[in-house]
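**Student:** Pasting in a structure now, in structure tokens, and then I'll have a few things to ask.
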Amino acid sequence: MADLHVELVAADRNVWSGEAHLVVARTKSGDIGIMANHEPLLGVLQSGPVTIRTSEGGTVVAAVHGGFISFADNKLSILAEIAELAEEIDVDRAERALQRAKAESDENGERRAEVRLAAAAGAH
Amino acid sequence: MGAQIRVYKRRIRSVTATKKITKAMEMIAASRIIKAQRQVAASSPYADELTRAVTAVATGSNTRHPLTTEAEHPTRAAVLLITSDRGLAGGYSSNAIKAAERLTERLRAEGKEVDSYVVGRKAVAYFAFRERRVTESWTGFSDNPSYADAKAVAAPLIASVLAETEQGGVDELHIVFTEFVSMMTQNPVDRRLLPLSLKRDGESQDAAGPAKTEALPLFEFEPSAEGVLDALLPRYVESRVYNALLQAAASEHAARRRAMKSATDNAEDLIKSLTRLANAARQADITQEISEIVGGASALADASAGSD
């Protein structure tokens with residue numbers, strides 16, 4: 001199966017890069033799955049988990065808060081201001097953040113915490 | 001001990017104390033340059049990809065967007081100046097300020113009003129002393145900027161670019177910062193961020209940017225070219241501001257290291273010449289004492305010889 005090269009970059013660091021055969025991300029108009037030889041695409045992402053099925057058969061899940069996805073020449077880049085791999089996420093902290101956000105009815109904070117938890121749950 | 005030597009000894013002690021301080025500052029700055037350089041490197045993949053994406057949208061679609069189209073008669077421009085919060089960095093801040101003044105002068109000559117946005121206490125003080133108006137200023141993070149700082153700086157800039165000119169909006173956005181070339185070389189530079197000038201991109205963007213000559217494929221946009229551009233350009237400005245802040249921070253540390261190194265060297269020279277002077281004074285004291293003793297002894301001898 002043909003593979004595509006994925007770069008997941010946050011504003012201040014390179015989060016993950018490698019070969020994959022499928023990447024699923026959430027754009028403004030719904031989830032999108034990208035495999036090798038997809039047509040060039042540039043999309044706006046919503047906060048959500050991004051799932052990468054690597055060539056080795058593993059799965060990488062990351063929580064991405066806003067950003068873009070761009071695909072061309074079998075190179076996929078996901079740009080996000082903030083991106084965290086599932087294993088980097090502190091579930092307890094995210095849960096506390098969720099409680100706090102709910103208490104303060106802070107919608108953005110709630111969404112961020114939910115995305116984190118979803119990504120962390122997806123990896124385990 | 002003669003009074004002269006005591007004065008020299010005191011000065012040597014005080015210069016030695018100063019030298020210790022400058023040496024410590026030199027070493028702190030040197031260790032921070034490495035960290036700052038690493039941050040610049042860590043932020044460049046994001047900036048590169050973003051630049052590529054912006055170039056792709058801007059060339060691959062016929063969208064007209066306030067952030068990409070040149071105003072027919074630009075009348076206002078915003079200049080963002082990045083300096084340091086603290087001094088003792090040689091000419092670092094004043095060189096950046098001078099570069100900003102040259103740019104402001106040029107823009108005024110082209111008939112544009114200039115709004116100044118400044119980062120760093122040094123620039124704030126410069127404008128305050130001359131009683132010049134600053135549209136907005138930020139301080140407190142010049143030596144270690146975070147992405148959140150860059151967002152805070154970029155937000156009013158983006159807002160004023162998007163606003164209509166009559167309501168205080170600007171047609172152009174320039175940024176003046178000190179580019180980090182190497183440990184020994186940092187240049188104050190001015191860059192026009194907006195409107196994007198794609199022809200100039202190849203040379204005007206940072207060296208970190210990828211070559212813009214590669215043919216770009218035709219993209220499919222999701223949700224639409226306008227939607228993507230709307231979301232992309234603020235991020236682009238933020239990442240450019242972030243990159244400029246990081247480079248400025250690295251340059252600030254490098255400038256401070258160099259300034260402190262020459263201060264330490266000067267202190268060493270001063271200590272050396274003061275030690276020479278103190279030695280000469282001590283020698284002169286001894287010589288004088290001997291000649292006094294010899295003179296005294298011979299006077300005694302003369303007196304006893306006369307009484308016989």
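Residues in the structure tokens are named by chain (A, B, ... in the order shown) and by number from 1 within that chain; ligands are numbered from 1 in the order shown.
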What residues in chain B lie within 12 Å of chain A, counting only C-alpha atoms, written as number ranges by chain?

**Tutor:** B: 36, 38-58, 60-61, 145-148, 150-151, 214-236, 238-243, 246

**Student:** I'd like the neighbourhood of Thr22 of chain B as a list in words, where a residue qualifies if any of its atoms comes within 7 Å (using only C-alpha atoms), though same-chain residues fewer than 5 positions away should be ignored.

**Tutor:**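 The residues satisfying every condition are Met260, Ala263 and Thr264 of chain B.
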
**Student:** Which distance in Å separates atom CA of Ser291 of chain B and atom CA of Ser307 of chain B, to one decimal?

**Tutor:** 24.2 Å

**Student:** Taking 6 positions as the minimum chain separation for residues in the same chain, which residues sit within 12 Å of Leu98 of chain A when counting only C-alpha atoms? Answer as a ChimeraX atom specification.

**Tutor:** /A:91-92,104-118

**Student:** To test your reading of the structure, identify every residue in chain A that backbone DSSP assigns to strand (DSSP E), and report it as a count of residues only.

**Tutor:** 62

**Student:** Name the closest residue to Asp149 of chain B among the candidates B:Val134, B:Leu245, B:Ala96, B:Leu196; distances are taken between atoms, counting only C-alpha atoms.

**Tutor:**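 Ranking B:Val134, B:Leu245, B:Ala96, B:Leu196 by distance to Asp149 of chain B, first place goes to B:Leu245.
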